[in-house]
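Colleague: Sharing structure_1.cif (mmCIF, N, CA and C atoms and all ligand atoms) below.
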```cif
data_data
#
loop_
_atom_site.label_atom_id
_atom_site.label_comp_id
_atom_site.auth_asym_id
_atom_site.auth_seq_id
_atom_site.Cartn_x
_atom_site.Cartn_y
_atom_site.Cartn_z
N MET A 15 0.84 -1.22 0.00
CA MET A 15 0.00 0.00 0.00
C MET A 15 0.87 1.26 0.00
N ASN A 16 0.48 2.18 -0.81
CA ASN A 16 1.20 3.44 -0.87
C ASN A 16 0.69 4.36 0.23
N ASN A 17 1.57 4.75 1.12
CA ASN A 17 1.18 5.60 2.24
C ASN A 17 2.27 6.61 2.54
N ILE A 18 2.52 7.45 1.55
CA ILE A 18 3.60 8.44 1.69
C ILE A 18 3.28 9.42 2.83
N GLU A 19 4.24 9.56 3.73
CA GLU A 19 4.10 10.51 4.84
C GLU A 19 5.36 11.38 4.93
N GLN A 20 5.21 12.48 5.64
CA GLN A 20 6.36 13.32 5.97
C GLN A 20 6.50 13.37 7.49
N THR A 21 7.73 13.43 7.93
CA THR A 21 7.98 13.53 9.37
C THR A 21 9.13 14.50 9.61
N LEU A 22 9.21 15.03 10.82
CA LEU A 22 10.31 15.94 11.14
C LEU A 22 11.41 15.18 11.86
N SER A 23 12.62 15.36 11.38
CA SER A 23 13.80 14.78 12.03
C SER A 23 14.74 15.91 12.43
N ILE A 24 15.34 15.76 13.59
CA ILE A 24 16.38 16.70 14.03
C ILE A 24 17.63 15.91 14.38
N ILE A 25 18.75 16.34 13.82
CA ILE A 25 20.04 15.84 14.28
C ILE A 25 20.48 16.80 15.38
N LYS A 26 20.57 16.26 16.60
CA LYS A 26 20.71 17.07 17.80
C LYS A 26 22.17 17.55 18.01
N PRO A 27 22.35 18.51 18.93
CA PRO A 27 23.69 19.11 19.10
C PRO A 27 24.82 18.11 19.34
N ASP A 28 24.55 17.04 20.09
CA ASP A 28 25.66 16.11 20.37
C ASP A 28 26.20 15.48 19.10
N ALA A 29 25.32 15.24 18.13
CA ALA A 29 25.74 14.60 16.88
C ALA A 29 26.36 15.60 15.91
N VAL A 30 25.77 16.80 15.82
CA VAL A 30 26.33 17.82 14.93
C VAL A 30 27.73 18.21 15.42
N GLU A 31 27.86 18.31 16.75
CA GLU A 31 29.15 18.66 17.35
C GLU A 31 30.25 17.66 16.98
N ARG A 32 29.85 16.39 16.83
CA ARG A 32 30.82 15.34 16.45
C ARG A 32 30.90 15.17 14.93
N ASN A 33 30.32 16.12 14.19
CA ASN A 33 30.34 16.08 12.72
C ASN A 33 29.72 14.82 12.14
N LEU A 34 28.65 14.35 12.79
CA LEU A 34 27.99 13.13 12.32
C LEU A 34 26.80 13.43 11.42
N ASP A 35 26.53 14.71 11.13
CA ASP A 35 25.29 15.02 10.39
C ASP A 35 25.27 14.40 8.99
N ASN A 36 26.38 14.48 8.26
CA ASN A 36 26.37 13.89 6.91
C ASN A 36 26.21 12.38 6.96
N GLU A 37 26.88 11.75 7.91
CA GLU A 37 26.78 10.30 8.06
C GLU A 37 25.34 9.88 8.39
N ILE A 38 24.69 10.62 9.26
CA ILE A 38 23.32 10.30 9.65
C ILE A 38 22.36 10.56 8.47
N LYS A 39 22.59 11.62 7.71
CA LYS A 39 21.75 11.88 6.53
C LYS A 39 21.89 10.75 5.51
N GLU A 40 23.10 10.21 5.36
CA GLU A 40 23.30 9.07 4.44
C GLU A 40 22.49 7.85 4.91
N ILE A 41 22.44 7.63 6.22
CA ILE A 41 21.65 6.51 6.73
C ILE A 41 20.19 6.67 6.32
N PHE A 42 19.64 7.88 6.52
CA PHE A 42 18.24 8.10 6.12
C PHE A 42 18.06 7.83 4.63
N LYS A 43 18.96 8.36 3.81
CA LYS A 43 18.81 8.19 2.36
C LYS A 43 18.93 6.72 1.97
N ASN A 44 19.89 6.03 2.58
CA ASN A 44 20.07 4.60 2.26
C ASN A 44 18.86 3.77 2.67
N LYS A 45 18.11 4.24 3.65
CA LYS A 45 16.90 3.52 4.09
C LYS A 45 15.67 3.97 3.29
N GLY A 46 15.88 4.80 2.28
CA GLY A 46 14.78 5.15 1.38
C GLY A 46 14.03 6.42 1.73
N PHE A 47 14.53 7.17 2.71
CA PHE A 47 13.90 8.46 3.02
C PHE A 47 14.41 9.52 2.03
N SER A 48 13.51 10.36 1.56
CA SER A 48 13.91 11.54 0.80
C SER A 48 13.98 12.71 1.78
N ILE A 49 15.05 13.50 1.68
CA ILE A 49 15.16 14.70 2.50
C ILE A 49 14.59 15.86 1.67
N LEU A 50 13.35 16.25 1.99
CA LEU A 50 12.68 17.27 1.17
C LEU A 50 13.22 18.66 1.44
N ARG A 51 13.47 18.94 2.71
CA ARG A 51 14.06 20.23 3.08
C ARG A 51 14.98 19.99 4.26
N GLU A 52 15.99 20.82 4.40
CA GLU A 52 16.89 20.71 5.55
C GLU A 52 17.55 22.05 5.79
N LYS A 53 17.86 22.30 7.03
CA LYS A 53 18.65 23.49 7.36
C LYS A 53 19.40 23.26 8.66
N LYS A 54 20.60 23.85 8.70
CA LYS A 54 21.40 23.80 9.93
C LYS A 54 21.19 25.13 10.63
N ILE A 55 20.71 25.08 11.86
CA ILE A 55 20.38 26.30 12.59
C ILE A 55 20.76 26.12 14.06
N GLN A 56 20.80 27.23 14.78
CA GLN A 56 20.84 27.16 16.25
C GLN A 56 19.64 27.92 16.77
N ILE A 57 18.89 27.34 17.66
CA ILE A 57 17.67 27.97 18.14
C ILE A 57 17.87 28.56 19.54
N GLU A 58 17.03 29.52 19.87
CA GLU A 58 17.03 30.12 21.21
C GLU A 58 16.39 29.13 22.19
N LYS A 59 16.74 29.27 23.45
CA LYS A 59 16.13 28.39 24.46
C LYS A 59 14.60 28.55 24.47
N SER A 60 14.14 29.79 24.26
CA SER A 60 12.69 30.03 24.26
C SER A 60 11.99 29.26 23.13
N GLU A 61 12.68 29.09 22.00
CA GLU A 61 12.10 28.30 20.90
C GLU A 61 12.09 26.81 21.26
N ALA A 62 13.16 26.35 21.90
CA ALA A 62 13.22 24.95 22.34
C ALA A 62 12.08 24.68 23.33
N GLU A 63 11.80 25.66 24.19
CA GLU A 63 10.72 25.50 25.18
C GLU A 63 9.37 25.35 24.48
N LYS A 64 9.19 26.08 23.38
CA LYS A 64 7.94 25.94 22.61
C LYS A 64 7.89 24.59 21.92
N PHE A 65 9.00 24.20 21.31
CA PHE A 65 9.05 22.94 20.57
C PHE A 65 8.74 21.76 21.48
N TYR A 66 9.30 21.77 22.70
CA TYR A 66 9.14 20.65 23.62
C TYR A 66 8.06 20.90 24.68
N LYS A 67 7.11 21.77 24.37
CA LYS A 67 6.08 22.15 25.33
C LYS A 67 5.34 20.94 25.93
N VAL A 68 5.16 19.87 25.14
CA VAL A 68 4.47 18.68 25.67
C VAL A 68 5.18 18.11 26.89
N HIS A 69 6.47 18.43 27.03
CA HIS A 69 7.25 17.88 28.15
C HIS A 69 7.41 18.88 29.30
N GLU A 70 6.62 19.97 29.28
CA GLU A 70 6.93 21.05 30.23
C GLU A 70 6.80 20.66 31.71
N THR A 71 6.03 19.61 31.99
CA THR A 71 5.90 19.20 33.40
C THR A 71 6.95 18.16 33.81
N LYS A 72 7.75 17.71 32.84
CA LYS A 72 8.72 16.64 33.15
C LYS A 72 9.94 17.21 33.87
N PRO A 73 10.55 16.41 34.73
CA PRO A 73 11.74 16.90 35.47
C PRO A 73 12.91 17.27 34.56
N PHE A 74 12.96 16.66 33.37
CA PHE A 74 14.09 16.91 32.47
C PHE A 74 13.87 18.06 31.50
N TYR A 75 12.70 18.73 31.61
CA TYR A 75 12.32 19.75 30.62
C TYR A 75 13.35 20.89 30.50
N ASN A 76 13.76 21.44 31.62
CA ASN A 76 14.67 22.60 31.56
C ASN A 76 16.02 22.22 30.93
N ASP A 77 16.58 21.10 31.38
CA ASP A 77 17.86 20.65 30.81
C ASP A 77 17.72 20.32 29.33
N LEU A 78 16.58 19.71 28.98
CA LEU A 78 16.34 19.34 27.59
C LEU A 78 16.32 20.57 26.68
N CYS A 79 15.67 21.62 27.14
CA CYS A 79 15.58 22.84 26.33
C CYS A 79 16.92 23.57 26.27
N SER A 80 17.66 23.55 27.36
CA SER A 80 19.01 24.13 27.35
C SER A 80 19.88 23.37 26.35
N TYR A 81 19.76 22.06 26.40
CA TYR A 81 20.58 21.21 25.52
C TYR A 81 20.24 21.42 24.04
N LEU A 82 18.96 21.42 23.69
CA LEU A 82 18.59 21.53 22.27
C LEU A 82 19.03 22.88 21.69
N SER A 83 19.15 23.87 22.56
CA SER A 83 19.56 25.20 22.09
C SER A 83 21.05 25.47 22.32
N SER A 84 21.79 24.44 22.71
CA SER A 84 23.19 24.65 23.10
C SER A 84 24.16 24.70 21.93
N GLY A 85 23.73 24.28 20.74
CA GLY A 85 24.62 24.28 19.58
C GLY A 85 23.83 24.04 18.32
N PRO A 86 24.50 24.04 17.17
CA PRO A 86 23.80 23.83 15.91
C PRO A 86 23.08 22.48 15.85
N ILE A 87 21.94 22.51 15.17
CA ILE A 87 21.16 21.31 14.91
C ILE A 87 20.83 21.29 13.40
N VAL A 88 20.53 20.10 12.90
CA VAL A 88 20.07 20.00 11.51
C VAL A 88 18.63 19.52 11.54
N VAL A 89 17.72 20.34 11.02
CA VAL A 89 16.30 19.95 10.98
C VAL A 89 15.95 19.58 9.54
N MET A 90 15.19 18.50 9.40
CA MET A 90 14.90 17.96 8.07
C MET A 90 13.44 17.50 7.98
N ILE A 91 12.87 17.67 6.80
CA ILE A 91 11.60 17.01 6.49
C ILE A 91 11.96 15.74 5.73
N LEU A 92 11.58 14.60 6.32
CA LEU A 92 11.83 13.30 5.69
C LEU A 92 10.54 12.78 5.09
N GLU A 93 10.63 12.18 3.91
CA GLU A 93 9.45 11.60 3.27
C GLU A 93 9.72 10.16 2.87
N LYS A 94 8.72 9.32 3.08
CA LYS A 94 8.83 7.89 2.76
C LYS A 94 7.46 7.27 3.03
N ASN A 95 7.23 6.08 2.55
CA ASN A 95 6.06 5.32 2.97
C ASN A 95 6.13 5.14 4.49
N ASN A 96 5.05 5.43 5.19
CA ASN A 96 4.99 5.25 6.65
C ASN A 96 6.17 5.93 7.37
N ALA A 97 6.50 7.13 6.93
CA ALA A 97 7.72 7.79 7.41
C ALA A 97 7.75 7.97 8.93
N VAL A 98 6.61 8.25 9.54
CA VAL A 98 6.62 8.52 10.99
C VAL A 98 7.11 7.29 11.75
N LEU A 99 6.48 6.16 11.52
CA LEU A 99 6.86 4.93 12.23
C LEU A 99 8.22 4.41 11.78
N GLU A 100 8.48 4.50 10.49
CA GLU A 100 9.77 4.02 9.96
C GLU A 100 10.93 4.81 10.56
N ASN A 101 10.73 6.11 10.73
CA ASN A 101 11.79 6.92 11.32
C ASN A 101 11.97 6.57 12.79
N ARG A 102 10.87 6.40 13.52
CA ARG A 102 10.99 6.03 14.94
C ARG A 102 11.72 4.69 15.08
N ALA A 103 11.44 3.75 14.17
CA ALA A 103 12.12 2.45 14.23
C ALA A 103 13.61 2.59 13.94
N LEU A 104 13.93 3.41 12.96
CA LEU A 104 15.34 3.61 12.60
C LEU A 104 16.10 4.35 13.70
N MET A 105 15.42 5.26 14.41
CA MET A 105 16.06 5.99 15.51
C MET A 105 16.39 5.07 16.68
N GLY A 106 15.48 4.17 17.03
CA GLY A 106 15.65 3.32 18.21
C GLY A 106 15.13 3.97 19.48
N SER A 107 15.21 3.24 20.58
CA SER A 107 14.66 3.70 21.86
C SER A 107 15.29 5.01 22.32
N THR A 108 14.51 5.75 23.11
CA THR A 108 14.96 7.03 23.64
C THR A 108 16.30 6.88 24.35
N ASN A 109 16.42 5.82 25.15
CA ASN A 109 17.68 5.55 25.86
C ASN A 109 18.58 4.69 24.97
N PRO A 110 19.69 5.25 24.50
CA PRO A 110 20.57 4.49 23.60
C PRO A 110 20.98 3.13 24.16
N LYS A 111 21.04 3.02 25.48
CA LYS A 111 21.42 1.73 26.09
C LYS A 111 20.39 0.65 25.81
N GLU A 112 19.14 1.09 25.57
CA GLU A 112 18.06 0.13 25.29
C GLU A 112 17.76 0.03 23.80
N ALA A 113 18.47 0.81 22.98
CA ALA A 113 18.15 0.85 21.55
C ALA A 113 18.65 -0.42 20.86
N GLU A 114 17.88 -0.81 19.86
CA GLU A 114 18.16 -2.03 19.12
C GLU A 114 19.40 -1.86 18.23
N GLU A 115 20.08 -2.98 17.95
CA GLU A 115 21.21 -2.97 17.01
C GLU A 115 20.77 -2.38 15.68
N GLY A 116 21.63 -1.62 15.07
CA GLY A 116 21.32 -1.08 13.75
C GLY A 116 20.56 0.24 13.77
N THR A 117 20.19 0.69 14.97
CA THR A 117 19.48 1.98 15.06
C THR A 117 20.47 3.13 15.24
N ILE A 118 19.99 4.32 14.90
CA ILE A 118 20.86 5.50 14.97
C ILE A 118 21.27 5.79 16.42
N ARG A 119 20.31 5.66 17.33
CA ARG A 119 20.64 5.95 18.73
C ARG A 119 21.59 4.91 19.32
N LYS A 120 21.44 3.65 18.90
CA LYS A 120 22.37 2.61 19.37
C LYS A 120 23.79 2.96 18.92
N LYS A 121 23.88 3.40 17.65
CA LYS A 121 25.19 3.65 17.07
C LYS A 121 25.84 4.94 17.59
N TYR A 122 25.04 5.99 17.74
CA TYR A 122 25.63 7.30 18.02
C TYR A 122 25.24 7.91 19.36
N GLY A 123 24.14 7.47 19.95
CA GLY A 123 23.63 8.11 21.16
C GLY A 123 24.62 7.99 22.32
N LEU A 124 24.72 9.06 23.10
CA LEU A 124 25.67 9.08 24.22
C LEU A 124 24.98 8.75 25.53
N SER A 125 23.72 9.16 25.65
CA SER A 125 22.98 9.01 26.91
C SER A 125 21.50 9.28 26.62
N ILE A 126 20.65 9.10 27.62
CA ILE A 126 19.21 9.27 27.39
C ILE A 126 18.88 10.71 26.98
N ASP A 127 19.68 11.67 27.42
CA ASP A 127 19.41 13.06 27.00
C ASP A 127 20.14 13.39 25.69
N LYS A 128 21.37 12.97 25.57
CA LYS A 128 22.15 13.25 24.35
C LYS A 128 22.05 12.03 23.42
N ASN A 129 20.86 11.91 22.82
CA ASN A 129 20.58 10.70 22.03
C ASN A 129 20.54 10.96 20.52
N SER A 130 21.20 12.02 20.11
CA SER A 130 21.59 12.26 18.69
C SER A 130 20.49 12.65 17.72
N VAL A 131 19.27 12.13 17.89
CA VAL A 131 18.21 12.47 16.93
C VAL A 131 16.85 12.64 17.61
N HIS A 132 16.03 13.46 16.97
CA HIS A 132 14.61 13.59 17.32
C HIS A 132 13.79 13.13 16.13
N GLY A 133 12.64 12.54 16.39
CA GLY A 133 11.70 12.22 15.32
C GLY A 133 10.28 12.37 15.81
N SER A 134 9.41 12.93 14.96
CA SER A 134 7.99 13.08 15.34
C SER A 134 7.40 11.73 15.71
N ASP A 135 6.47 11.75 16.70
CA ASP A 135 5.92 10.48 17.18
C ASP A 135 4.53 10.16 16.66
N SER A 136 3.95 11.04 15.83
CA SER A 136 2.64 10.76 15.23
C SER A 136 2.49 11.64 14.00
N ILE A 137 1.55 11.30 13.15
CA ILE A 137 1.33 12.10 11.94
C ILE A 137 0.91 13.51 12.33
N GLU A 138 0.04 13.59 13.34
CA GLU A 138 -0.43 14.89 13.79
C GLU A 138 0.73 15.76 14.29
N ASN A 139 1.60 15.18 15.13
CA ASN A 139 2.75 15.95 15.62
C ASN A 139 3.75 16.25 14.52
N ALA A 140 3.87 15.35 13.55
CA ALA A 140 4.77 15.62 12.42
C ALA A 140 4.35 16.89 11.71
N LYS A 141 3.05 17.06 11.49
CA LYS A 141 2.55 18.28 10.82
C LYS A 141 2.87 19.51 11.65
N ILE A 142 2.62 19.42 12.95
CA ILE A 142 2.88 20.56 13.84
C ILE A 142 4.38 20.90 13.85
N GLU A 143 5.22 19.86 13.95
CA GLU A 143 6.67 20.09 14.05
C GLU A 143 7.26 20.59 12.73
N ILE A 144 6.76 20.08 11.59
CA ILE A 144 7.22 20.57 10.28
C ILE A 144 6.85 22.04 10.15
N ASP A 145 5.65 22.38 10.55
CA ASP A 145 5.20 23.77 10.48
C ASP A 145 6.04 24.66 11.40
N PHE A 146 6.44 24.11 12.54
CA PHE A 146 7.24 24.87 13.51
C PHE A 146 8.55 25.35 12.89
N PHE A 147 9.21 24.47 12.15
CA PHE A 147 10.53 24.80 11.58
C PHE A 147 10.49 25.29 10.13
N PHE A 148 9.45 24.93 9.40
CA PHE A 148 9.42 25.25 7.97
C PHE A 148 8.09 25.92 7.60
N ARG A 149 7.75 26.98 8.28
CA ARG A 149 6.47 27.66 8.07
C ARG A 149 6.40 28.33 6.71
N ASP A 150 7.56 28.82 6.27
CA ASP A 150 7.59 29.63 5.04
C ASP A 150 7.33 28.78 3.80
N1 LIG A 201 14.84 12.97 27.72
C1 LIG A 201 15.68 13.14 28.80
N2 LIG A 201 15.47 12.37 29.92
C2 LIG A 201 14.47 11.45 29.99
C3 LIG A 201 13.63 11.29 28.89
C4 LIG A 201 13.84 12.07 27.77
O1 LIG A 201 16.59 13.96 28.78
O2 LIG A 201 14.33 10.77 31.02
C5 LIG A 201 15.05 13.80 26.53
C6 LIG A 201 15.65 13.02 25.36
O3 LIG A 201 16.55 13.87 24.66
C7 LIG A 201 14.44 12.72 24.51
C8 LIG A 201 13.61 13.98 24.72
O4 LIG A 201 13.81 14.31 26.08
O5 LIG A 201 14.80 12.47 23.16
C9 LIG A 201 12.13 13.84 24.45
O6 LIG A 201 11.63 12.75 25.22
P1 LIG A 201 10.64 11.69 24.59
O7 LIG A 201 10.10 10.86 25.71
O8 LIG A 201 9.64 12.40 23.72
O9 LIG A 201 11.61 10.76 23.73
P2 LIG A 201 11.77 10.60 22.15
O10 LIG A 201 10.42 10.82 21.53
O11 LIG A 201 12.80 11.62 21.71
O12 LIG A 201 12.27 9.20 21.96
MG MG A 202 9.06 12.36 21.76
#
```
Can you present the structure in this file as structure tokens?

Modeller:
Amino acid sequence: MNNIEQTLSIIKPDAVERNLDNEIKEIFKNKGFSILREKKIQIEKSEAEKFYKVHETKPFYNDLCSYLSSGPIVVMILEKNNAVLENRALMGSTNPKEAEEGTIRKKYGLSIDKNSVHGSDSIENAKIEIDFFFRD
């Protein structure tokens, strides 16, 4: 069944800092994702707070927002059949220690907070997150 979707992916500061962005983009392309748009940016903490608003009551919220705004990130619109779920599978578990072999977080993630990539968790959130970074 043809079910083309778009999802938002972010290569987080820990990975960009280690110059892993091109390597990670190649993984997406090799797995059949098209990168429709991409940009390398650094965001303000206040923007990170908006982006991660769903987590505002969590104990890790403040550190998470400081971290996402701490250095350059690469934000991308990925397209593929079932892109939302396929990207989550390719990323692996939030905690790299629990991530499956062959996943991006298993390979590159440093810790549960510095886990190298973000991916939208639903079609609805993918639309919101794509609009957040690529409104124009
Ligand atoms: N996070 C953290 N500590 C935790 C759980 C999550 O620092 O105990 C960070 C981590 O960077 C994660 C992000 O918060 O990627 C968002 O958490 P979520 O549960 O949505 O995980 P994800 O959807 O990224 O797998
Ligand atoms: Mg999430």

Colleague: Would you kindly return, as a PDB file with N, CA and C atoms, in the frame of the given file, each protein, DNA or RNA residue with an atom no farther than 10 Å from any atom of Val131 of chain A, considering only C-alpha atoms and excluding same-chain residues fewer than 5 positions away?

Modeller:
```
ATOM      1  N   SER A  23      12.620  15.360  11.380  1.00  0.00           N
ATOM      2  CA  SER A  23      13.800  14.780  12.030  1.00  0.00           C
ATOM      3  C   SER A  23      14.740  15.910  12.430  1.00  0.00           C
ATOM      4  N   ILE A  24      15.340  15.760  13.590  1.00  0.00           N
ATOM      5  CA  ILE A  24      16.380  16.700  14.030  1.00  0.00           C
ATOM      6  C   ILE A  24      17.630  15.910  14.380  1.00  0.00           C
ATOM      7  N   ILE A  25      18.750  16.340  13.820  1.00  0.00           N
ATOM      8  CA  ILE A  25      20.040  15.840  14.280  1.00  0.00           C
ATOM      9  C   ILE A  25      20.480  16.800  15.380  1.00  0.00           C
ATOM     10  N   LYS A  26      20.570  16.260  16.600  1.00  0.00           N
ATOM     11  CA  LYS A  26      20.710  17.070  17.800  1.00  0.00           C
ATOM     12  C   LYS A  26      22.170  17.550  18.010  1.00  0.00           C
ATOM     13  N   PRO A  27      22.350  18.510  18.930  1.00  0.00           N
ATOM     14  CA  PRO A  27      23.690  19.110  19.100  1.00  0.00           C
ATOM     15  C   PRO A  27      24.820  18.110  19.340  1.00  0.00           C
ATOM     16  N   ASP A  28      24.550  17.040  20.090  1.00  0.00           N
ATOM     17  CA  ASP A  28      25.660  16.110  20.370  1.00  0.00           C
ATOM     18  C   ASP A  28      26.200  15.480  19.100  1.00  0.00           C
ATOM     19  N   ALA A  29      25.320  15.240  18.130  1.00  0.00           N
ATOM     20  CA  ALA A  29      25.740  14.600  16.880  1.00  0.00           C
ATOM     21  C   ALA A  29      26.360  15.600  15.910  1.00  0.00           C
ATOM     22  N   VAL A  30      25.770  16.800  15.820  1.00  0.00           N
ATOM     23  CA  VAL A  30      26.330  17.820  14.930  1.00  0.00           C
ATOM     24  C   VAL A  30      27.730  18.210  15.420  1.00  0.00           C
ATOM     25  N   ASP A  35      26.530  14.710  11.130  1.00  0.00           N
ATOM     26  CA  ASP A  35      25.290  15.020  10.390  1.00  0.00           C
ATOM     27  C   ASP A  35      25.270  14.400   8.990  1.00  0.00           C
ATOM     28  N   ILE A  38      24.690  10.620   9.260  1.00  0.00           N
ATOM     29  CA  ILE A  38      23.320  10.300   9.650  1.00  0.00           C
ATOM     30  C   ILE A  38      22.360  10.560   8.470  1.00  0.00           C
ATOM     31  N   ILE A  87      21.940  22.510  15.170  1.00  0.00           N
ATOM     32  CA  ILE A  87      21.160  21.310  14.910  1.00  0.00           C
ATOM     33  C   ILE A  87      20.830  21.290  13.400  1.00  0.00           C
ATOM     34  N   VAL A  88      20.530  20.100  12.900  1.00  0.00           N
ATOM     35  CA  VAL A  88      20.070  20.000  11.510  1.00  0.00           C
ATOM     36  C   VAL A  88      18.630  19.520  11.540  1.00  0.00           C
ATOM     37  N   VAL A  89      17.720  20.340  11.020  1.00  0.00           N
ATOM     38  CA  VAL A  89      16.300  19.950  10.980  1.00  0.00           C
ATOM     39  C   VAL A  89      15.950  19.580   9.540  1.00  0.00           C
ATOM     40  N   ARG A 102      10.870   6.400  13.520  1.00  0.00           N
ATOM     41  CA  ARG A 102      10.990   6.030  14.940  1.00  0.00           C
ATOM     42  C   ARG A 102      11.720   4.690  15.080  1.00  0.00           C
ATOM     43  N   MET A 105      15.420   5.260  14.410  1.00  0.00           N
ATOM     44  CA  MET A 105      16.060   5.990  15.510  1.00  0.00           C
ATOM     45  C   MET A 105      16.390   5.070  16.680  1.00  0.00           C
ATOM     46  N   GLY A 106      15.480   4.170  17.030  1.00  0.00           N
ATOM     47  CA  GLY A 106      15.650   3.320  18.210  1.00  0.00           C
ATOM     48  C   GLY A 106      15.130   3.970  19.480  1.00  0.00           C
ATOM     49  N   THR A 108      14.510   5.750  23.110  1.00  0.00           N
ATOM     50  CA  THR A 108      14.960   7.030  23.640  1.00  0.00           C
ATOM     51  C   THR A 108      16.300   6.880  24.350  1.00  0.00           C
ATOM     52  N   ILE A 118      19.990   4.320  14.900  1.00  0.00           N
ATOM     53  CA  ILE A 118      20.860   5.500  14.970  1.00  0.00           C
ATOM     54  C   ILE A 118      21.270   5.790  16.420  1.00  0.00           C
ATOM     55  N   ARG A 119      20.310   5.660  17.330  1.00  0.00           N
ATOM     56  CA  ARG A 119      20.640   5.950  18.730  1.00  0.00           C
ATOM     57  C   ARG A 119      21.590   4.910  19.320  1.00  0.00           C
ATOM     58  N   TYR A 122      25.040   5.990  17.740  1.00  0.00           N
ATOM     59  CA  TYR A 122      25.630   7.300  18.020  1.00  0.00           C
ATOM     60  C   TYR A 122      25.240   7.910  19.360  1.00  0.00           C
ATOM     61  N   GLY A 123      24.140   7.470  19.950  1.00  0.00           N
ATOM     62  CA  GLY A 123      23.630   8.110  21.160  1.00  0.00           C
ATOM     63  C   GLY A 123      24.620   7.990  22.320  1.00  0.00           C
TER      64      GLY A 123
END
```

Colleague: Kindly provide, as a ChimeraX atom specification, all nucleotide and amino acid residues lying within 7 Å of ligand LIG 201 (chain A), counting only C-alpha atoms and all ligand atoms.

Modeller: /A:74,78,107-108,126-129,132-133,135

Colleague: With a distance cut-off of 8 Å and only N, CA and C atoms, select the neighbouring residues of segment 54-65 of chain A, excluding the residue or stretch itself and same-chain residues fewer than 3 positions from it, and output the selection as an MDAnalysis selection string.

Modeller: chainID A and resid 68:70 75 78:90 143 146

Colleague: Using backbone DSSP assignments, extract all strand (DSSP E) residues from chain A; output them as a compact mmCIF listing (two decimals) with N, CA and C atoms, in the frame of the given file.

Modeller:
```
# COMPACT_ATOMS: atom_id res chain seq x y z
N ILE A 18 2.52 7.45 1.55
CA ILE A 18 3.60 8.44 1.69
C ILE A 18 3.28 9.42 2.83
N GLU A 19 4.24 9.56 3.73
CA GLU A 19 4.10 10.51 4.84
C GLU A 19 5.36 11.38 4.93
N GLN A 20 5.21 12.48 5.64
CA GLN A 20 6.36 13.32 5.97
C GLN A 20 6.50 13.37 7.49
N THR A 21 7.73 13.43 7.93
CA THR A 21 7.98 13.53 9.37
C THR A 21 9.13 14.50 9.61
N LEU A 22 9.21 15.03 10.82
CA LEU A 22 10.31 15.94 11.14
C LEU A 22 11.41 15.18 11.86
N SER A 23 12.62 15.36 11.38
CA SER A 23 13.80 14.78 12.03
C SER A 23 14.74 15.91 12.43
N ILE A 24 15.34 15.76 13.59
CA ILE A 24 16.38 16.70 14.03
C ILE A 24 17.63 15.91 14.38
N ILE A 25 18.75 16.34 13.82
CA ILE A 25 20.04 15.84 14.28
C ILE A 25 20.48 16.80 15.38
N SER A 48 13.51 10.36 1.56
CA SER A 48 13.91 11.54 0.80
C SER A 48 13.98 12.71 1.78
N ILE A 49 15.05 13.50 1.68
CA ILE A 49 15.16 14.70 2.50
C ILE A 49 14.59 15.86 1.67
N LEU A 50 13.35 16.25 1.99
CA LEU A 50 12.68 17.27 1.17
C LEU A 50 13.22 18.66 1.44
N ARG A 51 13.47 18.94 2.71
CA ARG A 51 14.06 20.23 3.08
C ARG A 51 14.98 19.99 4.26
N GLU A 52 15.99 20.82 4.40
CA GLU A 52 16.89 20.71 5.55
C GLU A 52 17.55 22.05 5.79
N LYS A 53 17.86 22.30 7.03
CA LYS A 53 18.65 23.49 7.36
C LYS A 53 19.40 23.26 8.66
N LYS A 54 20.60 23.85 8.70
CA LYS A 54 21.40 23.80 9.93
C LYS A 54 21.19 25.13 10.63
N ILE A 55 20.71 25.08 11.86
CA ILE A 55 20.38 26.30 12.59
C ILE A 55 20.76 26.12 14.06
N ILE A 87 21.94 22.51 15.17
CA ILE A 87 21.16 21.31 14.91
C ILE A 87 20.83 21.29 13.40
N VAL A 88 20.53 20.10 12.90
CA VAL A 88 20.07 20.00 11.51
C VAL A 88 18.63 19.52 11.54
N VAL A 89 17.72 20.34 11.02
CA VAL A 89 16.30 19.95 10.98
C VAL A 89 15.95 19.58 9.54
N MET A 90 15.19 18.50 9.40
CA MET A 90 14.90 17.96 8.07
C MET A 90 13.44 17.50 7.98
N ILE A 91 12.87 17.67 6.80
CA ILE A 91 11.60 17.01 6.49
C ILE A 91 11.96 15.74 5.73
N LEU A 92 11.58 14.60 6.32
CA LEU A 92 11.83 13.30 5.69
C LEU A 92 10.54 12.78 5.09
N GLU A 93 10.63 12.18 3.91
CA GLU A 93 9.45 11.60 3.27
C GLU A 93 9.72 10.16 2.87
N LYS A 94 8.72 9.32 3.08
CA LYS A 94 8.83 7.89 2.76
C LYS A 94 7.46 7.27 3.03
N ASN A 95 7.23 6.08 2.55
CA ASN A 95 6.06 5.32 2.97
C ASN A 95 6.13 5.14 4.49
N VAL A 131 19.27 12.13 17.89
CA VAL A 131 18.21 12.47 16.93
C VAL A 131 16.85 12.64 17.61
N HIS A 132 16.03 13.46 16.97
CA HIS A 132 14.61 13.59 17.32
C HIS A 132 13.79 13.13 16.13
N GLY A 133 12.64 12.54 16.39
CA GLY A 133 11.70 12.22 15.32
C GLY A 133 10.28 12.37 15.81
```

Colleague: Rank nothing, just name the residue among A:Thr117, A:Asn17, A:Asn109, A:Ser48 nearest to ligand MG 202 (chain A), using only C-alpha atoms and all ligand atoms.

Modeller: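 Selected residue with least distance to ligand MG 202 (chain A): A:Asn109.
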
Colleague: Find the distance between atom CA of Lys141 of chain A and atom N of Met15 of chain A and write it in Å to one decimal.

Modeller: 22.4 Å

Colleague: For atom CA of Ser130 of chain A and atom CA of Lys72 of chain A, quote the distance in Å rounded to one decimal.

Modeller: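 Interatomic distance here is 19.8 Å.
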
Colleague: Could you check which of A:Lys120, A:Ser136, A:Asp77, A:Ile142 is closest to ligand MG 202 (chain A), using only N, CA and C atoms and all ligand atoms?

Modeller: A:Ser136

Colleague: Smallest atom-to-atom distance to Leu22 of chain A: which of A:Glu93, A:Leu34, A:Ser134, A:Ile49, using all atoms listed in the file?

Modeller: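 Once distances to Leu22 of chain A are computed over all atoms listed in the file, the minimum belongs to A:Ser134.
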